[in-house]
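Structure file final-v7.txt with compact mmCIF, C-alpha atoms:
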# COMPACT_ATOMS: atom_id res chain seq x y z
CA MET A 222 -28.10 13.63 -11.06
CA MET A 223 -28.60 15.99 -8.14
CA GLU A 224 -31.80 15.94 -6.10
CA CYS A 225 -33.71 19.15 -5.37
CA HIS A 226 -32.50 19.35 -1.75
CA GLU A 227 -28.87 18.95 -2.85
CA VAL A 228 -29.32 21.69 -5.42
CA ARG A 229 -30.86 24.06 -2.90
CA ASP A 230 -27.97 23.53 -0.50
CA ARG A 231 -25.55 24.53 -3.28
CA LEU A 232 -27.45 27.27 -5.07
CA VAL A 233 -25.77 30.13 -3.23
CA ALA A 234 -22.35 28.58 -3.77
CA TRP A 235 -23.18 28.31 -7.46
CA GLN A 236 -24.23 31.96 -7.56
CA ASP A 237 -21.00 32.92 -5.79
CA GLY A 238 -18.91 30.87 -8.23
CA GLU A 239 -17.65 28.59 -5.46
CA LEU A 240 -18.76 25.23 -6.86
CA SER A 241 -16.36 22.79 -8.47
CA PRO A 242 -16.70 22.43 -12.27
CA GLY A 243 -18.24 18.97 -11.90
CA GLU A 244 -20.86 20.13 -9.41
CA THR A 245 -21.59 23.19 -11.54
CA VAL A 246 -22.47 21.00 -14.54
CA GLN A 247 -24.72 18.74 -12.43
CA LEU A 248 -26.49 21.69 -10.83
CA GLU A 249 -27.09 23.46 -14.12
CA GLU A 250 -28.48 20.26 -15.66
CA HIS A 251 -30.92 20.04 -12.76
CA LEU A 252 -31.93 23.69 -13.08
CA ASP A 253 -32.68 23.18 -16.77
CA GLY A 254 -35.28 20.60 -15.92
CA CYS A 255 -36.70 21.89 -12.61
CA SER A 256 -38.88 24.99 -12.61
CA ASP A 257 -39.26 24.96 -8.79
CA CYS A 258 -35.50 25.16 -8.27
CA ARG A 259 -35.20 27.85 -10.95
CA ARG A 260 -37.79 29.95 -9.12
CA HIS A 261 -35.96 29.36 -5.86
CA GLU A 262 -32.67 30.38 -7.44
CA ARG A 263 -34.22 33.64 -8.70
CA ARG A 264 -35.48 34.51 -5.23
CA LEU A 265 -32.07 33.88 -3.68
CA ALA A 266 -30.31 35.90 -6.37
CA ASP A 267 -32.57 38.87 -5.61
CA ALA A 268 -31.67 38.62 -1.93
CA THR A 269 -27.92 38.83 -2.45
CA PRO A 270 -26.89 41.68 -0.15
CA ARG A 271 -24.65 44.29 -1.71
CA PRO A 272 -21.64 44.93 0.56
CA GLU A 273 -22.22 48.67 0.80
CA LEU A 274 -25.72 48.03 2.12
CA LEU A 275 -24.45 45.64 4.77
CA ARG A 276 -22.13 48.20 6.25
CA PRO A 277 -23.16 48.19 9.90
CA ARG A 278 -24.71 51.36 11.23
CA MET A 279 -21.78 51.79 13.61
CA ASP A 280 -19.28 51.67 10.79
CA GLN A 281 -20.97 54.41 8.86
CA ARG A 282 -19.43 57.12 10.97
CA VAL A 283 -16.77 56.07 13.45
CA PRO A 284 -15.88 59.00 15.74
CA ALA A 285 -12.54 60.61 14.96
CA HIS A 286 -11.12 59.96 18.42
CA ILE A 287 -11.83 56.24 18.02
CA LEU A 288 -10.03 56.14 14.69
CA ALA A 289 -7.13 58.00 16.26
CA ALA A 290 -7.00 55.51 19.15
CA LEU A 291 -7.09 52.64 16.67
CA ALA A 292 -4.19 54.07 14.64
CA ASP A 293 -2.23 54.85 17.80
CA ARG A 294 -2.68 51.54 19.59
CA VAL A 295 -2.67 49.18 16.66
CA ASP A 296 0.55 49.87 14.81
CA ALA A 297 3.55 47.68 14.11
CA ASP A 298 5.79 49.19 16.81
CA SER A 299 3.31 48.90 19.66
CA ILE A 300 2.03 45.42 18.85
CA LEU A 301 5.54 44.03 18.36
CA ALA A 302 6.61 45.57 21.67
CA ALA A 303 3.54 44.14 23.40
CA ALA A 304 4.07 40.74 21.79
CA ARG A 305 7.65 40.62 23.11
CA ARG A 306 6.43 41.01 26.66
CA PRO A 307 5.66 37.68 28.29
CA GLU A 308 2.08 36.64 27.94
CA PRO A 309 0.23 37.01 31.23
CA ALA A 310 -0.16 33.63 32.86
CA PRO A 311 -3.71 32.43 33.32
CA PRO A 312 -4.88 32.96 36.87
CA PRO A 313 -4.56 30.01 39.22
CA HIS A 314 -7.60 27.86 39.66
CA ALA A 315 -8.55 29.29 43.04
CA SER A 316 -8.53 32.87 41.87
CA ARG A 317 -10.45 31.90 38.72
CA VAL A 318 -13.14 30.43 40.94
CA ALA A 319 -13.11 33.57 43.05
CA SER A 320 -13.41 35.82 40.03
CA TRP A 321 -16.16 33.58 38.67
CA LEU A 322 -18.01 33.99 41.93
CA ARG A 323 -17.52 37.73 41.84
CA ALA A 324 -18.74 37.89 38.27
CA GLU A 325 -21.59 35.45 38.62
CA ALA A 326 -23.04 36.20 41.94
CA ARG A 327 -24.64 39.57 41.65
CA VAL A 328 -26.49 38.89 44.88
CA PRO A 329 -26.18 41.08 47.98
CA ARG A 330 -23.70 39.63 50.40
CA GLY A 331 -26.32 39.41 53.17
CA TRP A 332 -28.44 37.16 51.02
CA MET A 333 -25.41 35.10 50.14
CA LEU A 334 -24.85 34.47 53.87
CA VAL A 335 -28.48 33.49 54.30
CA TYR A 336 -28.26 31.11 51.33
CA ALA A 337 -25.05 29.64 52.75
CA ALA A 338 -26.60 29.18 56.20
CA VAL A 339 -29.68 27.46 54.74
CA LEU A 340 -27.48 25.25 52.59
CA PHE A 341 -25.24 24.20 55.45
CA GLY A 342 -28.28 23.66 57.69
CA ALA A 343 -29.87 21.40 55.10
CA ILE A 344 -26.66 19.44 54.66
CA GLY A 345 -26.21 19.12 58.42
CA PHE A 346 -29.77 17.94 58.88
CA GLY A 347 -29.39 15.40 56.11
CA LEU A 348 -26.19 14.04 57.61
CA SER A 349 -27.57 13.86 61.12
CA SER A 350 -30.60 11.91 59.93
CA LEU A 351 -28.30 9.44 58.24
CA TRP A 352 -26.04 9.07 61.28
CA SER A 353 -27.89 7.85 64.35
CA PRO A 354 -25.66 6.44 67.07
CA THR A 355 -26.79 2.93 67.87
CA ALA A 356 -27.73 2.79 71.51
CA PRO A 357 -27.01 -0.51 73.27
CA PRO A 358 -30.12 -2.63 73.48
CA PRO A 359 -31.85 -2.32 76.86
CA ALA A 360 -31.04 -5.07 79.31
CA ARG A 361 -33.76 -7.58 79.53
CA VAL A 362 -35.26 -7.47 82.98
CA GLY A 363 -38.02 -9.79 82.30
CA SER A 364 -41.13 -9.82 80.23
CA ILE A 365 -44.66 -9.19 81.24
CA ASP A 366 -45.38 -12.61 79.88
CA ASP A 367 -43.26 -14.02 82.65
CA ILE A 368 -45.67 -12.73 85.32
CA PRO A 369 -48.55 -14.98 86.15
CA ALA A 370 -51.94 -13.63 85.17
CA GLY A 371 -53.57 -11.40 87.83
CA GLN A 372 -50.38 -10.77 89.68
CA PHE A 373 -49.15 -7.74 87.77
CA GLN A 374 -48.89 -4.73 90.03
CA PRO A 375 -46.23 -2.07 89.65
CA ALA A 376 -44.25 -1.37 92.78
CA SER A 377 -45.24 2.29 92.73
CA TYR A 378 -48.94 1.62 92.53
CA ASP A 379 -50.89 3.40 95.28
CA PRO A 380 -54.57 2.60 95.02
CA THR A 381 -55.47 5.47 97.42
CA ARG A 382 -54.30 8.11 94.90
CA ALA A 383 -56.32 6.84 92.02
CA THR A 384 -59.40 8.98 91.45
CA PRO A 385 -62.47 8.30 89.37
CA ASP A 386 -61.90 11.39 87.21
CA SER A 387 -58.41 10.39 86.24
CA ASP A 388 -57.30 11.18 82.76
CA PRO A 389 -58.67 8.35 80.69
CA THR A 390 -55.71 8.57 78.36
CA VAL A 391 -53.38 7.62 81.17
CA PRO A 392 -54.04 4.13 82.32
CA GLU A 393 -54.47 3.94 86.03
CA GLY A 394 -51.33 2.98 87.79
CA LYS A 395 -49.11 3.57 84.74
CA ALA A 396 -45.80 5.03 85.82
CA ASN A 397 -44.63 8.15 84.05
CA ASP A 398 -41.42 8.05 82.12
CA LEU A 399 -39.37 8.95 85.20
CA GLY A 400 -40.73 6.05 87.11
CA GLY A 401 -42.81 8.26 89.44
CA PRO A 402 -46.49 7.87 89.99
CA ALA A 403 -48.72 8.91 87.15
CA ARG A 404 -50.58 12.16 87.68
CA PRO A 405 -54.28 12.02 87.22
CA ASP A 406 -54.25 15.17 85.08
CA GLY A 407 -51.51 13.83 82.88
CA GLY A 408 -49.23 16.73 83.86
CA ASP A 409 -45.56 16.34 84.36
CA GLU A 410 -44.82 18.66 87.24
CA GLY A 411 -43.34 15.68 88.93
CA ARG A 412 -40.45 15.64 86.49
CA ILE A 413 -37.03 16.81 87.36
CA GLN A 414 -37.06 20.51 87.99
CA MET B 103 1.29 63.70 3.44
CA THR B 104 0.54 62.58 -0.08
CA LYS B 105 3.53 60.29 0.02
CA LEU B 106 2.37 58.80 3.31
CA ARG B 107 -1.07 58.19 1.88
CA LEU B 108 0.46 56.48 -1.15
CA VAL B 109 2.56 54.22 1.07
CA ASP B 110 -0.52 53.41 3.15
CA THR B 111 -2.57 52.56 0.08
CA ALA B 112 0.23 50.44 -1.33
CA ALA B 113 0.49 48.51 1.93
CA ARG B 114 -3.24 47.86 1.89
CA ASP B 115 -2.97 46.45 -1.61
CA LEU B 116 -0.41 43.86 -0.54
CA ASP B 117 -2.01 40.47 -0.37
CA ASP B 118 -1.22 37.81 2.21
CA ASP B 119 1.43 36.10 0.08
CA ALA B 120 3.28 39.40 -0.42
CA ILE B 121 3.21 40.03 3.33
CA LYS B 122 4.69 36.56 3.93
CA LEU B 123 7.47 37.35 1.47
CA ILE B 124 8.23 40.60 3.31
CA ALA B 125 8.36 38.63 6.58
CA GLU B 126 11.29 36.59 5.25
CA ARG B 127 13.35 39.78 5.28
CA SER B 128 11.83 41.84 8.06
CA ARG B 129 9.26 40.84 10.64
CA HIS B 130 8.70 44.49 11.51
CA ALA B 131 7.93 45.45 7.90
CA ALA B 132 5.60 42.46 7.59
CA ALA B 133 3.83 43.44 10.81
CA ASP B 134 3.45 46.95 9.45
CA ALA B 135 1.95 45.70 6.18
CA LEU B 136 -0.32 43.29 8.06
CA VAL B 137 -1.63 46.03 10.34
CA ARG B 138 -2.27 48.38 7.45
CA ARG B 139 -4.12 45.69 5.49
CA TYR B 140 -6.27 44.26 8.27
CA ARG B 141 -6.55 46.88 11.05
CA GLU B 142 -9.77 48.44 9.84
CA PRO B 143 -11.53 45.29 8.58
CA ILE B 144 -10.81 43.57 11.88
CA PHE B 145 -11.94 46.63 13.83
CA HIS B 146 -15.21 46.72 11.84
CA HIS B 147 -15.73 43.00 12.35
CA ALA B 148 -15.28 43.50 16.11
CA CYS B 149 -17.59 46.54 16.05
CA TRP B 150 -20.28 44.53 14.33
CA ILE B 151 -20.24 41.85 17.04
CA LEU B 152 -19.55 44.03 20.07
CA LYS B 153 -21.44 47.19 19.11
CA ASP B 154 -18.96 49.12 21.21
CA TYR B 155 -16.15 51.18 19.69
CA GLU B 156 -13.81 51.17 22.69
CA GLU B 157 -14.03 47.41 23.16
CA ALA B 158 -13.55 46.91 19.43
CA VAL B 159 -10.27 48.87 19.59
CA ASP B 160 -9.13 46.73 22.56
CA VAL B 161 -9.98 43.51 20.72
CA THR B 162 -8.27 44.67 17.52
CA GLN B 163 -5.09 45.38 19.45
CA GLU B 164 -5.26 42.03 21.22
CA VAL B 165 -5.79 40.15 17.95
CA PHE B 166 -2.65 41.64 16.39
CA ILE B 167 -0.58 41.03 19.52
CA LYS B 168 -1.70 37.40 19.51
CA ALA B 169 -0.82 37.19 15.83
CA MET B 170 2.71 38.43 16.53
CA ARG B 171 3.06 35.86 19.32
CA GLU B 172 2.09 33.11 16.88
CA ASP B 173 5.39 31.73 15.56
CA ARG B 174 3.84 30.18 12.45
CA PHE B 175 1.93 33.31 11.48
CA PHE B 176 4.02 34.29 8.47
CA GLU B 177 4.72 30.72 7.35
CA PRO B 178 3.76 29.99 3.73
CA ASP B 179 0.84 27.67 4.46
CA PHE B 180 -0.59 29.68 7.36
CA LYS B 181 -4.12 31.00 6.73
CA MET B 182 -3.61 34.51 8.05
CA LYS B 183 -6.93 36.06 7.13
CA ALA B 184 -9.05 33.19 8.45
CA TRP B 185 -6.92 33.14 11.62
CA LEU B 186 -7.42 36.87 12.21
CA TYR B 187 -11.19 36.68 11.74
CA ARG B 188 -11.51 33.54 13.85
CA VAL B 189 -9.54 34.99 16.76
CA THR B 190 -11.50 38.25 16.50
CA SER B 191 -14.82 36.41 16.54
CA ASN B 192 -13.75 34.26 19.48
CA LEU B 193 -12.56 37.21 21.55
CA CYS B 194 -15.69 39.21 20.75
CA PHE B 195 -18.14 36.41 21.46
CA ASN B 196 -16.33 35.72 24.75
CA LEU B 197 -16.86 39.35 25.70
CA VAL B 198 -20.50 39.23 24.65
CA ARG B 199 -21.04 36.05 26.68
CA ASP B 200 -19.29 37.64 29.62
CA ARG B 201 -21.64 40.61 29.42
CA ARG B 202 -24.69 38.38 29.28
CA ARG B 203 -23.39 36.37 32.21
CA ARG B 204 -23.00 39.46 34.27
CA HIS B 205 -26.45 40.64 33.29
CA VAL B 206 -24.96 43.92 32.35
CA ILE B 207 -27.15 45.42 29.74
CA LEU B 208 -24.82 47.39 27.60
CA GLU B 209 -27.21 49.17 25.38
CA THR B 210 -25.63 49.53 22.02
CA GLN B 211 -24.20 52.89 21.35
CA VAL B 212 -26.78 54.84 19.54
CA ALA B 213 -26.16 54.04 15.94
CA PRO B 214 -24.62 57.08 14.41
CA ARG B 215 -26.85 57.91 11.55
CA LEU B 216 -25.72 59.80 8.55
CA ASP B 217 -26.31 63.23 9.96
CA GLU B 218 -25.67 65.34 6.93
CA PRO B 219 -28.82 65.97 4.93
CA ALA B 220 -29.13 63.65 1.99
CA HIS B 221 -30.18 65.92 -0.83
CA GLN B 222 -29.41 63.50 -3.60
CA PRO B 223 -32.37 61.20 -4.35
CA ASP B 224 -30.01 58.28 -4.86
CA VAL B 225 -28.51 58.84 -1.42
CA VAL B 226 -31.96 58.89 0.17
CA LEU B 227 -32.93 55.68 -1.59
CA GLN B 228 -29.62 54.06 -0.68
CA SER B 229 -30.05 55.04 2.96
CA GLU B 230 -33.62 53.69 3.11
CA ARG B 231 -32.55 50.51 1.41
CA GLN B 232 -29.68 50.12 3.83
CA GLU B 233 -31.98 50.51 6.83
CA GLN B 234 -34.30 47.85 5.39
CA ILE B 235 -31.46 45.41 4.80
CA LEU B 236 -29.91 46.01 8.21
CA GLY B 237 -33.32 45.66 9.86
CA ALA B 238 -33.86 42.36 8.07
CA MET B 239 -30.37 41.20 9.10
CA ASP B 240 -31.09 42.07 12.72
CA ARG B 241 -33.99 39.62 12.70
CA LEU B 242 -31.82 36.70 11.61
CA SER B 243 -30.19 34.23 13.95
CA GLU B 244 -26.65 34.97 15.07
CA ALA B 245 -25.23 32.12 12.95
CA HIS B 246 -26.99 33.30 9.80
CA ARG B 247 -26.03 36.94 10.35
CA GLU B 248 -22.41 36.00 10.99
CA ILE B 249 -22.00 33.91 7.86
CA LEU B 250 -23.70 36.52 5.66
CA MET B 251 -21.43 39.25 7.07
CA LEU B 252 -18.30 37.16 6.61
CA ARG B 253 -19.22 36.41 3.00
CA TYR B 254 -20.79 39.61 1.72
CA TYR B 255 -19.31 42.31 3.94
CA SER B 256 -15.88 41.02 4.92
CA ASP B 257 -15.58 39.28 1.55
CA LEU B 258 -14.16 36.00 2.80
CA SER B 259 -14.05 33.06 0.41
CA TYR B 260 -15.89 29.87 1.29
CA ALA B 261 -12.61 28.21 2.26
CA GLU B 262 -11.76 31.14 4.54
CA ILE B 263 -15.21 31.02 6.13
CA SER B 264 -14.74 27.29 6.64
CA ASP B 265 -11.44 27.94 8.45
CA THR B 266 -12.80 30.91 10.37
CA LEU B 267 -15.88 29.14 11.70
CA GLY B 268 -14.27 25.71 11.93
CA ILE B 269 -16.98 24.08 9.81
CA LYS B 270 -16.82 21.95 6.66
CA LEU B 271 -17.05 23.50 3.22
CA GLY B 272 -20.36 21.73 2.58
CA THR B 273 -21.73 23.23 5.79
CA VAL B 274 -20.65 26.69 4.65
CA MET B 275 -22.65 26.19 1.44
CA SER B 276 -25.78 24.89 3.10
CA ARG B 277 -25.65 27.44 5.93
CA LEU B 278 -25.26 30.28 3.47
CA SER B 279 -28.23 28.95 1.48
CA ARG B 280 -30.35 28.82 4.63
CA ALA B 281 -29.15 32.26 5.69
CA LYS B 282 -30.08 33.74 2.35
CA GLU B 283 -33.48 32.07 2.44
CA ALA B 284 -34.01 33.51 5.91
CA LEU B 285 -32.94 36.94 4.68
CA THR B 286 -35.37 36.70 1.76
CA GLU B 287 -38.20 35.85 4.15
CA SER B 288 -37.18 38.58 6.56
CA LEU B 289 -37.14 41.15 3.76
CA ALA B 290 -40.51 39.96 2.46
CA ALA B 291 -41.99 40.07 5.97
CA SER B 292 -41.02 43.73 6.28
CA GLY B 293 -42.60 44.47 2.92
CA VAL B 294 -39.36 45.10 1.05
CA VAL B 295 -39.75 44.70 -2.66
CA MET B 296 -36.58 43.32 -4.18
CA ASP B 297 -35.38 44.46 -7.53
CA ASP B 298 -33.13 42.83 -10.06
CA ARG B 299 -30.09 44.55 -8.60
CA GLY B 300 -30.35 42.35 -5.56
CA ALA B 301 -30.98 43.42 -1.99

Please go through the file and, once you have read it, give me the structure as C-alpha cells.
Amino acid sequence: MMECHEVRDRLVAWQDGELSPGETVQLEEHLDGCSDCRRHERRLADATPRPELLRPRMDQRVPAHILAALADRVDADSILAAARRPEPAPPPHASRVASWLRAEARVPRGWMLVYAAVLFGAIGFGLSSLWSPTAPPPARVGSIDDIPAGQFQPASYDPTRATPDSDPTVPEGKANDLGGPARPDGGDEGRIQ
Amino acid sequence: MTKLRLVDTAARDLDDDAIKLIAERSRHAAADALVRRYREPIFHHACWILKDYEEAVDVTQEVFIKAMREDRFFEPDFKMKAWLYRVTSNLCFNLVRDRRRRHVILETQVAPRLDEPAHQPDVVLQSERQEQILGAMDRLSEAHREILMLRYYSDLSYAEISDTLGIKLGTVMSRLSRAKEALTESLAASGVVMDDRGA
C-alpha cells in the first residue's frame, strides 16, 4: 500500500500515463481511500499546461530572416561538410587561463597593476618576516657582574660635561649607540654625518 | 513548391527508427531527415533558454554538427532525441553561464507580441491565458521550468527526460510533481482561476 507522500510523487506520472501497471493499481487504490490525495490530484490536473499555451513568447513570431538563416545554415549538406572538417582542438592550458583572465577580469588594467603590486608586496613582506638571517651572537667581553661594586665607570665618562638639567631619560654617563658621549638633550647630532 | 512542401512534411513525420533505417543506406539522406524533423524543435528549445535568436541559430547548427561527428548516432540503440535535447541544453546553459560570468546583461530581445489585432474573442482569451501561464512559468525555478517545458512543450517522454537531464526516472516523476505544484501555486498567486480544461 502506497503512503501519501509516495502517491504525491507519482500523481503527475499517473496523470501522464507513465506509471507501470502495478504502480497504477496501487496508486488508484490509495486514491479511492484518501480524500486529501484526491483533492491534490484534482488541483494538479487543473494545472496541466496545454502545449500551445507554453509556446514561449519568442517562438510566437520568429523574424523571417532568422528562419531563413536557420534553414540556410542548418541543412544536411552544410552540417555534413562541417562535421567532416576536423574538430577544433581545445586551446592549450595557458591560453585557456589567459582567456579566462580576459573574460573574468573586467577590471581596468591600471587597477589590476595596483592589485598585483599590493599582492606581491604583501607576499614579500610575509616572506621577509619569516626569513630573518641569524646574526652571530655577540662576543662576550665580560659581564657587568664581573666588575666589583662601585668600580663601574665607562671609559668615555667625562664628569665635567654632565649638567644638572640633563635629559632624565638618558642616564648620566650612558654612551650613545655609537659609543660617543651621551648628549644631555638626547639628540644624536654626534652620529655619523 | 507543393511537392517540396509534401517532401518536407513527410520527412518531419519520420520517427527516429525510420531515420536510423535510412542511415543504413545513406548517411546524407538520414542527416536530411534528421534536420527536417528536429531543426525547429531544437531551435525553439535553444531560444527558450537563450532568449536570443542569433545565438539559438548558432547553437542549433553546432548541435547537428556534433551529432554528425558522433559515430554511434544512427545506431539502433542510440537515444537520438534525448541526445539532441541534452546537448542543446548543455550548450545553451554554458552560454548563459558565460554571459553571467562576464556580467554582460543581455536584455532579452523584446518579446515579439502578436501584433495583428485579435478580433476573435477566443483569440483574445487564448492570448491572455497564455500571458498568465508564461508569467507563472517565469516565476518558477530554472529546474522546474525546464522539466515542464521538456514534458509539455517539447513533448519528451519520461524516459527521454531522464536521459536528457541525466536523472533517474523516479526523480523525473517527483520533480515533475513538485514543478506542477509550484506552477499551481504560482498561478493561484497571480489570481488565475483554473478551469476544467487545465491551465

Self-check item: For segment 272-279 of chain B: contacts at 9 Å, all atoms listed in the file, fewer than 4 positions along chain excluded, given as an MDAnalysis selection string
Solution: (chainID A and resid 227 229:234 239 265) or (chainID B and resid 245:246 249:250 253 260:261 263:264 267 283:284)

Notebook entry, point to check: segment 258-263 of chain A: which residues within 12 Å, counting only C-alpha atoms, same-chain residues fewer than 3 positions away excluded, as a ChimeraX atom specification?
Noted result: /A:223-236,248-255,266-269 /B:279-280,282-283,286,296-300

Given only C-alpha atoms, how would the per-residue table for chain A near chain B read, listing every residue at most 9 Å away with its closest atom pair and distance in Å to one decimal, sorted by chain and number, as a Markdown table?
| residue | atom | partner | partner_atom | distance |
| --- | --- | --- | --- | --- |
| A:Glu227 | CA | B:Ser276 | CA | 9.0 |
| A:Arg229 | CA | B:Ser279 | CA | 7.1 |
| A:Asp230 | CA | B:Ser276 | CA | 4.4 |
| A:Arg231 | CA | B:Met275 | CA | 5.8 |
| A:Leu232 | CA | B:Ser279 | CA | 6.8 |
| A:Val233 | CA | B:Ser279 | CA | 5.4 |
| A:Ala234 | CA | B:Met275 | CA | 5.7 |
| A:Glu239 | CA | B:Tyr260 | CA | 7.1 |
| A:Arg264 | CA | B:Thr286 | CA | 7.3 |
| A:Leu265 | CA | B:Lys282 | CA | 6.4 |
| A:Ala266 | CA | B:Gly300 | CA | 6.5 |
| A:Asp267 | CA | B:Gly300 | CA | 4.1 |
| A:Ala268 | CA | B:Ala301 | CA | 4.8 |
| A:Thr269 | CA | B:Gly300 | CA | 5.3 |
| A:Pro270 | CA | B:Ala301 | CA | 4.8 |
| A:Arg271 | CA | B:Ala301 | CA | 6.4 |
| A:Pro272 | CA | B:Tyr255 | CA | 4.9 |
| A:Glu273 | CA | B:Tyr255 | CA | 7.7 |
| A:Leu274 | CA | B:Gln232 | CA | 4.8 |
| A:Leu275 | CA | B:Tyr255 | CA | 6.2 |
| A:Arg276 | CA | B:Tyr255 | CA | 6.9 |
| A:Pro277 | CA | B:Trp150 | CA | 6.4 |
| A:Arg278 | CA | B:Ala213 | CA | 5.6 |
| A:Met279 | CA | B:Ala213 | CA | 5.4 |
| A:Asp280 | CA | B:His146 | CA | 6.5 |
| A:Gln281 | CA | B:Pro214 | CA | 7.2 |
| A:Arg282 | CA | B:Pro214 | CA | 6.2 |
| A:Val283 | CA | B:Tyr155 | CA | 8.0 |
| A:Pro284 | CA | B:Tyr155 | CA | 8.8 |
| A:Ile287 | CA | B:Tyr155 | CA | 6.9 |
| A:Leu288 | CA | B:Val159 | CA | 8.8 |
| A:Ala290 | CA | B:Val159 | CA | 7.4 |
| A:Leu291 | CA | B:Val159 | CA | 5.7 |
| A:Ala292 | CA | B:Arg141 | CA | 8.4 |
| A:Arg294 | CA | B:Gln163 | CA | 6.6 |
| A:Val295 | CA | B:Gln163 | CA | 5.3 |
| A:Asp296 | CA | B:Val137 | CA | 6.3 |
| A:Ala297 | CA | B:Asp134 | CA | 4.7 |
| A:Asp298 | CA | B:His130 | CA | 7.7 |
| A:Ser299 | CA | B:Ile167 | CA | 8.8 |
| A:Ile300 | CA | B:Ile167 | CA | 5.2 |
| A:Leu301 | CA | B:Met170 | CA | 6.5 |
| A:Ala302 | CA | B:Ile167 | CA | 8.8 |
| A:Ala303 | CA | B:Ile167 | CA | 6.5 |
| A:Ala304 | CA | B:Ile167 | CA | 5.2 |
| A:Arg305 | CA | B:Arg171 | CA | 7.6 |
| A:Glu308 | CA | B:Arg171 | CA | 8.7 |
| A:Ala324 | CA | B:Arg204 | CA | 6.1 |
| A:Glu325 | CA | B:Arg204 | CA | 6.1 |
| A:Ala326 | CA | B:Arg204 | CA | 8.3 |
| A:Arg327 | CA | B:Arg204 | CA | 7.6 |

re atom CA of Tyr187 of chain B and atom CA of Ala120 of chain B: distance 19.1 Å

Using all atoms listed in the file, which of B:Ala148, B:Lys183, B:Arg202, B:Leu271 sits nearest Asp117 of chain B?
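Ranked by minimum distance to Asp117 of chain B, first place goes to B:Lys183.
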
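Using only C-alpha atoms, the smallest distance between any of B:Leu242, B:Ala291, B:Leu193, B:Ile269 and Leu152 of chain B comes from B:Leu193.
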
Provide the atom CA of Phe176 of chain B to atom CA of Asp119 of chain B distance in Å, to one decimal place.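 Taking atom CA of Phe176 of chain B as the start and atom CA of Asp119 of chain B as the end point, the length is 9.0 Å.
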
Separating atom CA of Ile121 of chain B from atom CA of Asp237 of chain A, to the nearest tenth of an Å, is a gap of 26.8 Å
